[in-house]
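*Asks:* Provided below: upload07.csv, containing CSV, C-alpha atoms.
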chain,number,residue,atom,x,y,z
A,921,TYR,CA,120.6,63.1,102.8
A,922,GLY,CA,118.5,64.5,105.6
A,923,ALA,CA,115.7,66.8,106.5
A,924,ARG,CA,114.7,69.1,109.3
A,925,CYS,CA,111.7,71.4,109.8
A,926,LEU,CA,112.4,75.1,110.6
A,927,ASN,CA,110.7,76.9,113.4
A,928,GLU,CA,109.6,80.0,111.3
A,929,GLY,CA,107.0,81.4,113.7
A,930,GLY,CA,109.3,83.9,115.3
A,931,ILE,CA,108.7,85.3,118.8
A,932,GLN,CA,105.0,85.4,118.1
A,933,ALA,CA,105.0,81.6,118.2
A,934,ILE,CA,107.4,81.0,121.1
A,935,PRO,CA,105.5,79.2,123.9
A,936,LYS,CA,105.7,79.6,127.7
A,937,LEU,CA,109.3,78.6,128.3
A,938,THR,CA,109.0,77.1,131.8
A,939,PHE,CA,106.9,74.4,133.5
A,940,PRO,CA,107.3,72.5,136.8
A,941,GLY,CA,110.6,70.6,136.5
A,942,GLY,CA,111.7,71.9,133.1
A,943,MET,CA,112.5,74.6,130.7
A,944,ILE,CA,112.4,74.9,126.9
A,945,ALA,CA,115.4,76.2,125.0
A,946,GLY,CA,116.8,76.3,121.5
A,947,CYS,CA,114.9,74.8,118.6
A,948,GLY,CA,112.5,73.2,121.0
A,949,ALA,CA,111.1,76.7,121.6
A,950,GLY,CA,111.6,78.2,118.1
A,951,PHE,CA,114.5,80.6,118.7
A,952,LEU,CA,115.3,80.8,114.9
A,953,ASN,CA,116.4,84.0,113.1
A,954,VAL,CA,114.2,83.3,110.0
A,955,PRO,CA,115.8,85.7,107.4
A,956,LYS,CA,119.3,84.4,108.3
A,957,ILE,CA,118.1,80.8,108.7
A,958,LYS,CA,120.4,80.6,111.7
A,959,GLY,CA,119.5,79.4,115.2
A,960,SER,CA,122.6,77.6,116.6
A,961,HIS,CA,123.8,80.8,118.4
A,962,THR,CA,120.4,81.5,120.0
A,963,ALA,CA,120.1,77.8,120.9
A,964,MET,CA,123.4,77.9,122.7
A,965,LYS,CA,122.6,81.2,124.5
A,966,THR,CA,119.2,80.1,125.7
A,967,GLY,CA,120.7,76.8,126.8
A,968,MET,CA,123.3,78.7,128.8
A,969,LEU,CA,120.6,80.9,130.3
A,970,ALA,CA,118.6,77.8,131.3
A,971,GLY,CA,121.7,76.2,132.9
A,972,GLU,CA,122.5,79.4,134.8
A,973,ALA,CA,118.9,79.8,136.0
A,974,ALA,CA,118.8,76.2,137.2
A,975,ALA,CA,122.1,76.5,139.0
A,976,GLU,CA,121.0,79.7,140.7
A,977,ALA,CA,117.7,78.1,141.8
A,978,THR,CA,119.5,75.1,143.2
A,979,LEU,CA,122.1,77.1,145.1
A,980,ALA,CA,119.4,79.4,146.5
A,981,SER,CA,117.0,76.8,147.7
A,982,GLY,CA,119.1,73.7,147.9
A,983,GLU,CA,116.3,71.8,146.4
A,984,SER,CA,114.9,72.4,142.9
A,985,VAL,CA,113.3,69.1,142.0
A,986,GLY,CA,109.9,69.8,140.4
A,987,ALA,CA,110.3,73.5,140.7
A,988,GLU,CA,109.3,76.0,138.0
A,989,ILE,CA,112.2,78.3,137.4
A,990,VAL,CA,110.3,81.3,136.0
A,991,LYS,CA,113.4,83.5,136.1
A,992,TYR,CA,114.7,81.7,133.0
A,993,GLU,CA,111.9,83.2,130.8
A,994,SER,CA,112.6,86.7,132.1
A,995,ASP,CA,116.4,86.2,131.5
A,996,VAL,CA,115.7,85.2,127.9
A,997,LYS,CA,113.5,88.3,127.3
A,998,SER,CA,116.2,90.6,128.7
A,999,SER,CA,118.9,89.0,126.6
A,1000,TRP,CA,120.2,89.8,123.1
A,1001,VAL,CA,118.3,86.7,121.8
A,1002,TRP,CA,114.9,88.4,122.3
A,1003,GLU,CA,116.2,91.7,120.9
A,1004,GLU,CA,117.5,90.0,117.8
A,1005,LEU,CA,114.3,88.0,117.2
A,1006,SER,CA,112.2,91.1,117.8
A,1007,ARG,CA,113.9,92.9,114.9
A,1008,VAL,CA,112.9,90.1,112.5
A,1009,ARG,CA,109.5,89.3,114.0
A,1010,ASN,CA,107.5,90.6,111.0
A,1011,PHE,CA,109.7,89.0,108.2
A,1012,LYS,CA,107.9,85.6,107.8
A,1013,PRO,CA,104.3,86.7,108.6
A,1014,ALA,CA,104.6,89.3,105.8
A,1015,TRP,CA,104.9,86.5,103.2
A,1016,HIS,CA,101.2,85.7,103.7
A,1017,ALA,CA,100.6,88.5,101.2
A,1018,GLY,CA,102.6,86.6,98.6
A,1019,MET,CA,106.3,86.2,97.7
A,1020,ILE,CA,106.9,89.6,96.1
A,1021,PRO,CA,105.1,91.6,98.8
A,1022,GLY,CA,106.7,89.5,101.5
A,1023,MET,CA,110.2,90.1,100.0
A,1024,ALA,CA,109.5,93.8,99.6
A,1025,TYR,CA,108.2,94.2,103.2
A,1026,GLY,CA,111.0,92.0,104.6
A,1027,SER,CA,113.7,94.0,102.9
A,1028,ALA,CA,112.2,97.3,104.1
A,1029,SER,CA,111.8,96.0,107.7
A,1030,LEU,CA,115.4,94.7,107.8
A,1031,MET,CA,117.2,97.5,106.1
A,1032,LEU,CA,115.1,100.6,106.9
A,1033,THR,CA,113.1,100.3,110.1
A,1034,ARG,CA,115.3,97.5,111.5
A,1035,GLY,CA,112.3,95.9,113.2
A,1036,LYS,CA,111.2,99.1,115.0
A,1037,GLU,CA,107.8,99.1,113.4
A,1038,PRO,CA,105.1,100.0,116.0
A,1039,TRP,CA,103.1,96.9,114.9
A,1040,THR,CA,103.5,93.2,115.0
A,1041,PHE,CA,102.0,90.7,112.5
A,1042,TRP,CA,100.4,87.7,114.4
A,1043,TRP,CA,99.6,84.2,113.4
A,1044,ASP,CA,95.9,83.3,113.5
A,1045,LYS,CA,96.1,79.5,112.8
A,1046,LYS,CA,98.3,76.5,113.4
A,1047,ASP,CA,100.6,75.4,110.6
A,1048,SER,CA,98.5,72.3,109.9
A,1049,GLU,CA,95.4,74.5,109.4
A,1050,TYR,CA,96.9,76.3,106.4
A,1051,THR,CA,96.8,73.1,104.3
A,1052,LYS,CA,94.3,73.3,101.4
A,1053,PRO,CA,92.0,70.5,100.5
A,1054,ALA,CA,93.2,68.4,97.6
A,1055,SER,CA,90.2,69.5,95.5
A,1056,GLN,CA,91.6,73.1,95.5
A,1057,CYS,CA,95.1,72.0,94.3
A,1058,LYS,CA,96.6,70.8,91.1
A,1059,LYS,CA,98.2,67.4,91.4
A,1060,ILE,CA,101.9,67.4,90.7
A,1061,GLU,CA,103.3,64.7,88.5
A,1062,TYR,CA,106.9,64.2,89.4
A,1063,PRO,CA,109.3,62.7,86.9
A,1064,LYS,CA,110.9,59.3,87.8
A,1065,PRO,CA,114.3,59.6,89.5
A,1066,ASP,CA,117.1,59.5,86.9
A,1067,GLY,CA,119.7,58.1,89.1
A,1068,VAL,CA,122.1,61.0,88.4
A,1069,TYR,CA,120.5,64.1,89.9
A,1070,THR,CA,117.4,62.6,91.5
A,1071,PHE,CA,117.1,59.3,93.3
A,1072,GLU,CA,114.6,56.9,94.9
A,1073,ILE,CA,113.7,57.8,98.5
A,1074,LEU,CA,114.9,54.5,99.9
A,1075,GLU,CA,118.3,54.9,98.1
A,1076,ASN,CA,118.6,58.4,99.7
A,1077,LEU,CA,117.9,56.9,103.1
A,1078,ILE,CA,121.0,54.8,102.8
A,1079,ARG,CA,123.0,58.0,102.6
A,1080,SER,CA,121.4,59.4,105.8
A,1081,GLY,CA,122.6,56.4,107.7
A,1082,VAL,CA,119.2,56.1,109.4
A,1083,ASN,CA,118.9,53.3,111.8
A,1084,HIS,CA,116.4,52.2,114.5
A,1085,GLU,CA,116.5,48.9,116.3
A,1086,HIS,CA,113.9,46.7,114.6
A,1087,ASP,CA,112.4,45.4,117.9
A,1088,GLN,CA,111.9,48.8,119.6
A,1089,PRO,CA,108.4,50.3,120.0
A,1090,ALA,CA,107.5,52.7,117.1
A,1091,HIS,CA,108.3,56.2,118.2
A,1092,LEU,CA,105.7,57.6,115.9
A,1093,LYS,CA,102.2,57.1,117.2
A,1094,VAL,CA,98.7,58.2,116.2
A,1095,LYS,CA,97.2,60.1,119.1
A,1096,GLU,CA,94.4,58.1,120.7
A,1097,ASP,CA,91.8,60.9,120.5
A,1098,LYS,CA,92.8,61.4,116.8
A,1099,ALA,CA,92.7,57.8,115.7
A,1100,GLY,CA,90.0,58.4,113.1
A,1101,VAL,CA,91.7,61.4,111.5
A,1102,PRO,CA,93.9,59.5,108.9
A,1103,LEU,CA,91.0,57.7,107.2
A,1104,GLU,CA,88.2,60.2,107.9
A,1105,GLU,CA,89.9,63.4,107.1
A,1106,SER,CA,93.5,63.2,105.9
A,1107,LEU,CA,93.0,60.8,103.1
A,1108,PRO,CA,89.5,61.8,101.8
A,1109,THR,CA,90.0,65.6,102.2
A,1110,TYR,CA,93.7,66.2,101.7
A,1111,ASP,CA,94.6,63.1,99.8
A,1112,GLY,CA,97.0,61.9,102.5
A,1113,PRO,CA,99.6,64.7,102.5
A,1114,GLU,CA,101.8,62.9,105.0
A,1115,GLY,CA,102.6,60.4,102.2
A,1116,ARG,CA,104.1,63.3,100.1
A,1117,PHE,CA,105.7,65.7,102.6
A,1118,CYS,CA,107.5,63.0,104.5
A,1119,PRO,CA,111.1,62.8,103.1
A,1120,ALA,CA,111.6,59.2,104.2
A,1121,LYS,CA,108.4,57.5,103.0
A,1122,VAL,CA,107.4,56.8,106.6
A,1123,TYR,CA,103.6,57.2,105.9
A,1124,GLU,CA,101.8,55.1,103.3
A,1125,TYR,CA,98.2,54.4,102.7
A,1126,VAL,CA,97.9,50.8,101.7
A,1127,GLN,CA,95.2,48.3,100.9
A,1128,ALA,CA,93.6,46.7,104.0
A,1129,GLU,CA,92.5,43.1,104.3
A,1130,ASP,CA,88.8,44.2,104.3
A,1131,GLY,CA,89.3,46.0,100.9
A,1132,GLY,CA,89.5,49.5,102.4
A,1133,MET,CA,92.6,51.6,103.1
A,1134,ARG,CA,94.8,51.7,106.2
A,1135,LEU,CA,97.7,54.0,107.3
A,1136,GLN,CA,101.0,52.2,107.5
A,1137,ILE,CA,103.8,53.8,109.5
A,1138,ASN,CA,107.3,52.8,108.6
A,1139,ALA,CA,108.9,54.4,111.7
A,1140,GLN,CA,112.3,52.7,111.0
A,1141,ASN,CA,112.8,55.1,108.0
A,1142,CYS,CA,112.3,58.3,110.0
A,1143,VAL,CA,115.0,60.9,109.7
A,1144,HIS,CA,113.6,63.0,112.5
A,1145,CYS,CA,112.5,66.1,110.5
A,1146,LYS,CA,109.4,66.5,112.8
A,1147,CYS,CA,107.2,67.6,109.9
A,1148,CYS,CA,104.5,65.0,110.7
A,1149,SER,CA,103.9,66.3,114.2
A,1150,ILE,CA,103.4,69.8,112.8
A,1151,LYS,CA,101.7,69.4,109.4
A,1152,THR,CA,99.4,66.4,109.6
A,1153,PRO,CA,95.7,67.3,109.8
A,1154,GLN,CA,94.8,68.1,113.4
A,1155,GLU,CA,98.4,67.2,114.3
A,1156,TYR,CA,97.3,63.6,114.8
A,1157,ILE,CA,100.9,62.2,115.1
A,1158,LYS,CA,102.6,62.1,118.5
A,1159,TRP,CA,106.4,62.2,118.0
A,1160,THR,CA,108.2,60.5,120.8
A,1161,VAL,CA,111.9,59.9,121.4
A,1162,PRO,CA,113.2,56.6,119.9
A,1163,GLU,CA,115.4,54.3,121.9
A,1164,GLY,CA,119.2,54.8,122.3
A,1165,SER,CA,120.8,56.6,119.4
A,1166,GLY,CA,118.2,55.7,116.8
A,1167,GLY,CA,117.7,57.9,113.8
A,1168,PRO,CA,119.9,59.4,111.1
A,1169,GLN,CA,123.7,59.1,111.5
A,1170,TYR,CA,125.2,62.1,109.8
A,1171,ALA,CA,128.9,61.1,109.7
A,1172,ALA,CA,130.1,64.3,108.2
A,1173,MET,CA,128.5,66.6,110.8
For this file, produce the structure as structure tokens.
*Replies:*
Amino acid sequence: YGARCLNEGGIQAIPKLTFPGGMIAGCGAGFLNVPKIKGSHTAMKTGMLAGEAAAEATLASGESVGAEIVKYESDVKSSWVWEELSRVRNFKPAWHAGMIPGMAYGSASLMLTRGKEPWTFWWDKKDSEYTKPASQCKKIEYPKPDGVYTFEILENLIRSGVNHEHDQPAHLKVKEDKAGVPLEESLPTYDGPEGRFCPAKVYEYVQAEDGGMRLQINAQNCVHCKCCSIKTPQEYIKWTVPEGSGGPQYAAM
């Protein structure tokens, strides 16, 4: 049992790849071929390019601590990675017109034009801003787990091997400037979507001592899917790296 968010934004959503003292490669930047749902090859290639750029900068100057190695980004854009992602850049954005139009356009783009359209569809909002208010949605009543094909979340978590040391600081934090979002926006407007999209029951709205509600974060359950840092209203969760090897332990991978 496990979960992982996919970076479906394509090259339109890839950020600036360098900053003083670092570079962004692989899934961290969003180098995913969306129609193939594959990104391991692009992650490895961009990692190689990052390593090569860092080595060249170090050998050239003898000192690269804190330097911004801008050559890495130009190397990525001149590699087969950028070419491959450019061919599929319009596949996911086309789905905003609906599933059938999206599939039709995507098929034509992949098989006929092969990504050579003279236009590019762009994103106009963050992922979290596409969430509809609860008042515009029909509540889904899920059947109880039958213990054969469907199971309780906590029972599934055992299969993920998830483990975080109980005395470590929580790696999931509410951003200080967004402290009011959970109770002022997420719960009243969106009915607390983090309590439903989280695959590990990390987020729960429970009764507070004063009779109101409060957000409870069960960080020890986290399977590191990263959905909360992307999809919560105003992206109010700050996802930080847990101590040691904390997280899911996928023994078969």
*Asks:* Residues at most 9 Å from A:Ile957, counting all atoms listed in the file, excluding those fewer than 3 positions away in the same chain, as a PDB file with C-alpha atoms, in the coordinates of the input?
*Replies:*
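Generated output (out_6.pdb):
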ATOM      1  CA  LEU A 926     112.400  75.100 110.600  1.00  0.00           C
ATOM      2  CA  GLU A 928     109.600  80.000 111.300  1.00  0.00           C
ATOM      3  CA  LEU A 952     115.300  80.800 114.900  1.00  0.00           C
ATOM      4  CA  ASN A 953     116.400  84.000 113.100  1.00  0.00           C
ATOM      5  CA  VAL A 954     114.200  83.300 110.000  1.00  0.00           C
TER       6      VAL A 954
END
*Asks:* If we count all atoms listed in the file, what is near A:Val1082 at a cut-off of 7 Å, once residues fewer than 3 positions away on the same chain are taken out, given as number ranges by chain?
*Replies:* A: 1077-1078, 1141, 1143, 1167-1169
*Asks:* Pick from A:Thr966, A:Asn1083, A:Leu1092, A:Gly930: nearest to A:Ser998, with only C-alpha atoms counted?
*Replies:*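 The answer is A:Thr966, which sits nearest to A:Ser998.
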*Asks:* What would the list of residues within 10 Å of (99.4, 57.3, 119.8) (file frame) look like as a JSON list (two decimals) with C-alpha atoms, in the frame of the given file, if all atoms listed in the file are what count?
*Replies:*
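Result saved to result_4.json:
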[["chain", "number", "residue", "atom", "x", "y", "z"],
["A", 1090, "ALA", "CA", 107.50, 52.70, 117.10],
["A", 1091, "HIS", "CA", 108.30, 56.20, 118.20],
["A", 1092, "LEU", "CA", 105.70, 57.60, 115.90],
["A", 1093, "LYS", "CA", 102.20, 57.10, 117.20],
["A", 1094, "VAL", "CA", 98.70, 58.20, 116.20],
["A", 1095, "LYS", "CA", 97.20, 60.10, 119.10],
["A", 1096, "GLU", "CA", 94.40, 58.10, 120.70],
["A", 1097, "ASP", "CA", 91.80, 60.90, 120.50],
["A", 1098, "LYS", "CA", 92.80, 61.40, 116.80],
["A", 1099, "ALA", "CA", 92.70, 57.80, 115.70],
["A", 1156, "TYR", "CA", 97.30, 63.60, 114.80],
["A", 1157, "ILE", "CA", 100.90, 62.20, 115.10],
["A", 1158, "LYS", "CA", 102.60, 62.10, 118.50],
["A", 1159, "TRP", "CA", 106.40, 62.20, 118.00],
["A", 1160, "THR", "CA", 108.20, 60.50, 120.80]]
*Asks:* Could you state the separation of atom CA of A:Thr1109 and atom CA of A:Ala1054 in Å, given to one decimal place?
*Replies:* 6.3 Å
*Asks:* As a PyMOL selection string, please: the residues near stretch 1117-1133 of chain A (cut-off 10 Å, all atoms listed in the file, same-chain neighbours under 2 positions excluded).
*Replies:* chain A and resi 921-924+1073-1074+1076-1077+1080+1082+1092+1102-1103+1107+1111-1115+1135-1148+1151-1152
*Asks:* Write out as an MDAnalysis selection string which residues come within 8 Å of A:Gly950 when counting only C-alpha atoms, dropping same-chain ones fewer than 3 positions away.
*Replies:* chainID A and resid 927:931 933:934 946:947
*Asks:* Restricted to C-alpha atoms, what would the selected residues look like written as a JSON list (two decimals), in the coordinates of the input?
*Replies:*
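The file below, out-v7.json, is the result:
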[["chain", "number", "residue", "atom", "x", "y", "z"],
["A", 927, "ASN", "CA", 110.70, 76.90, 113.40],
["A", 928, "GLU", "CA", 109.60, 80.00, 111.30],
["A", 929, "GLY", "CA", 107.00, 81.40, 113.70],
["A", 930, "GLY", "CA", 109.30, 83.90, 115.30],
["A", 931, "ILE", "CA", 108.70, 85.30, 118.80],
["A", 933, "ALA", "CA", 105.00, 81.60, 118.20],
["A", 934, "ILE", "CA", 107.40, 81.00, 121.10],
["A", 946, "GLY", "CA", 116.80, 76.30, 121.50],
["A", 947, "CYS", "CA", 114.90, 74.80, 118.60]]
*Asks:* My list of candidates is A:Glu1075, A:Glu972, A:Val990, A:Cys925. Which is closest to A:Leu937 when distances are computed with only C-alpha atoms?
*Replies:* A:Val990
*Asks:* Please, what distance in Å, to one decimal, runs between atom CA of A:Trp1002 and atom CA of A:Pro955?
*Replies:*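 For atom CA of A:Trp1002 relative to atom CA of A:Pro955, the distance reads 15.2 Å.
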*Asks:* Record the distance separating atom CA of A:His1086 and atom CA of A:Glu1163, expressed in Å with one decimal.
*Replies:*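 Between atom CA of A:His1086 and atom CA of A:Glu1163 the gap is 10.6 Å.
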*Asks:* Padding of 6 Å on every side, edges along x, y and z, all listed atoms of stretch 1124-1130 of chain A included: what centre and edge lengths in Å, to one decimal, does that box have, as lines of an AutoDock Vina configuration file?
*Replies:*
center_x = 95.3
center_y = 49.1
center_z = 102.6
size_x = 25.0
size_y = 24.0
size_z = 15.4
*Asks:* Just checking: using only C-alpha atoms, which residue out of A:Ala949, A:Met1019, A:Ala1014, A:Ile944 ends up closest to A:Trp1039?
*Replies:*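 Smallest distance to A:Trp1039 is found for A:Ala1014.
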*Asks:* Excluding A:Met964 and any residue of its chain fewer than 5 positions from it, enumerate the residues within 9 Å of it, using all atoms listed in the file, and give them as a PDB file with C-alpha atoms, in the coordinates of the input.
*Replies:*
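Okay, result.pdb is ready:
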ATOM      1  CA  ALA A 945     115.400  76.200 125.000  1.00  0.00           C
ATOM      2  CA  GLY A 946     116.800  76.300 121.500  1.00  0.00           C
ATOM      3  CA  GLY A 959     119.500  79.400 115.200  1.00  0.00           C
ATOM      4  CA  LEU A 969     120.600  80.900 130.300  1.00  0.00           C
TER       5      LEU A 969
END
*Asks:* Measuring between all atoms listed in the file, which one of A:Lys1036, A:Lys991, A:His1016, A:Lys936 shows the shortest distance to A:Ala973?
*Replies:*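 Between A:Lys1036, A:Lys991, A:His1016, A:Lys936, the residue approaching A:Ala973 most closely is A:Lys991.
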*Asks:* Output requested as a PDB file, in the coordinates of the input - stretch 1129-1142 of chain A, filled out with N, CA, C and O atoms.
*Replies:*
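Dumped everything to rebuild04.pdb:
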ATOM      1  N   GLU A1129      93.026  44.461 104.601  1.00  0.00           N
ATOM      2  CA  GLU A1129      92.500  43.100 104.300  1.00  0.00           C
ATOM      3  C   GLU A1129      90.998  43.156 103.994  1.00  0.00           C
ATOM      4  O   GLU A1129      90.503  42.313 103.255  1.00  0.00           O
ATOM      5  N   ASP A1130      90.292  44.148 104.548  1.00  0.00           N
ATOM      6  CA  ASP A1130      88.800  44.200 104.300  1.00  0.00           C
ATOM      7  C   ASP A1130      88.522  44.952 102.991  1.00  0.00           C
ATOM      8  O   ASP A1130      87.361  45.205 102.692  1.00  0.00           O
ATOM      9  N   GLY A1131      89.560  45.304 102.225  1.00  0.00           N
ATOM     10  CA  GLY A1131      89.300  46.000 100.900  1.00  0.00           C
ATOM     11  C   GLY A1131      89.426  47.479 101.011  1.00  0.00           C
ATOM     12  O   GLY A1131      89.501  48.148  99.982  1.00  0.00           O
ATOM     13  N   GLY A1132      89.415  48.035 102.232  1.00  0.00           N
ATOM     14  CA  GLY A1132      89.500  49.500 102.400  1.00  0.00           C
ATOM     15  C   GLY A1132      90.991  49.907 102.413  1.00  0.00           C
ATOM     16  O   GLY A1132      91.877  49.201 101.902  1.00  0.00           O
ATOM     17  N   MET A1133      91.235  51.058 103.003  1.00  0.00           N
ATOM     18  CA  MET A1133      92.600  51.600 103.100  1.00  0.00           C
ATOM     19  C   MET A1133      92.993  51.632 104.587  1.00  0.00           C
ATOM     20  O   MET A1133      92.155  51.755 105.462  1.00  0.00           O
ATOM     21  N   ARG A1134      94.291  51.571 104.839  1.00  0.00           N
ATOM     22  CA  ARG A1134      94.800  51.700 106.200  1.00  0.00           C
ATOM     23  C   ARG A1134      96.120  52.509 106.124  1.00  0.00           C
ATOM     24  O   ARG A1134      96.818  52.496 105.100  1.00  0.00           O
ATOM     25  N   LEU A1135      96.434  53.203 107.208  1.00  0.00           N
ATOM     26  CA  LEU A1135      97.700  54.000 107.300  1.00  0.00           C
ATOM     27  C   LEU A1135      98.784  53.060 107.815  1.00  0.00           C
ATOM     28  O   LEU A1135      98.658  52.471 108.889  1.00  0.00           O
ATOM     29  N   GLN A1136      99.856  52.951 107.046  1.00  0.00           N
ATOM     30  CA  GLN A1136     101.000  52.200 107.500  1.00  0.00           C
ATOM     31  C   GLN A1136     102.143  53.134 107.835  1.00  0.00           C
ATOM     32  O   GLN A1136     102.482  54.019 107.054  1.00  0.00           O
ATOM     33  N   ILE A1137     102.701  52.960 109.038  1.00  0.00           N
ATOM     34  CA  ILE A1137     103.800  53.800 109.500  1.00  0.00           C
ATOM     35  C   ILE A1137     105.087  53.056 109.552  1.00  0.00           C
ATOM     36  O   ILE A1137     105.244  52.125 110.342  1.00  0.00           O
ATOM     37  N   ASN A1138     106.018  53.436 108.674  1.00  0.00           N
ATOM     38  CA  ASN A1138     107.300  52.800 108.600  1.00  0.00           C
ATOM     39  C   ASN A1138     108.308  53.624 109.465  1.00  0.00           C
ATOM     40  O   ASN A1138     109.167  54.343 108.950  1.00  0.00           O
ATOM     41  N   ALA A1139     108.153  53.518 110.785  1.00  0.00           N
ATOM     42  CA  ALA A1139     108.900  54.400 111.700  1.00  0.00           C
ATOM     43  C   ALA A1139     110.415  54.166 111.583  1.00  0.00           C
ATOM     44  O   ALA A1139     111.196  55.065 111.905  1.00  0.00           O
ATOM     45  N   GLN A1140     110.849  52.995 111.105  1.00  0.00           N
ATOM     46  CA  GLN A1140     112.300  52.700 111.000  1.00  0.00           C
ATOM     47  C   GLN A1140     112.969  53.612 109.952  1.00  0.00           C
ATOM     48  O   GLN A1140     114.185  53.777 109.962  1.00  0.00           O
ATOM     49  N   ASN A1141     112.183  54.220 109.058  1.00  0.00           N
ATOM     50  CA  ASN A1141     112.800  55.100 108.000  1.00  0.00           C
ATOM     51  C   ASN A1141     112.956  56.529 108.485  1.00  0.00           C
ATOM     52  O   ASN A1141     113.622  57.313 107.805  1.00  0.00           O
ATOM     53  N   CYS A1142     112.377  56.893 109.610  1.00  0.00           N
ATOM     54  CA  CYS A1142     112.300  58.300 110.000  1.00  0.00           C
ATOM     55  C   CYS A1142     113.648  58.975 110.173  1.00  0.00           C
ATOM     56  O   CYS A1142     114.554  58.456 110.823  1.00  0.00           O
TER      57      CYS A1142
END
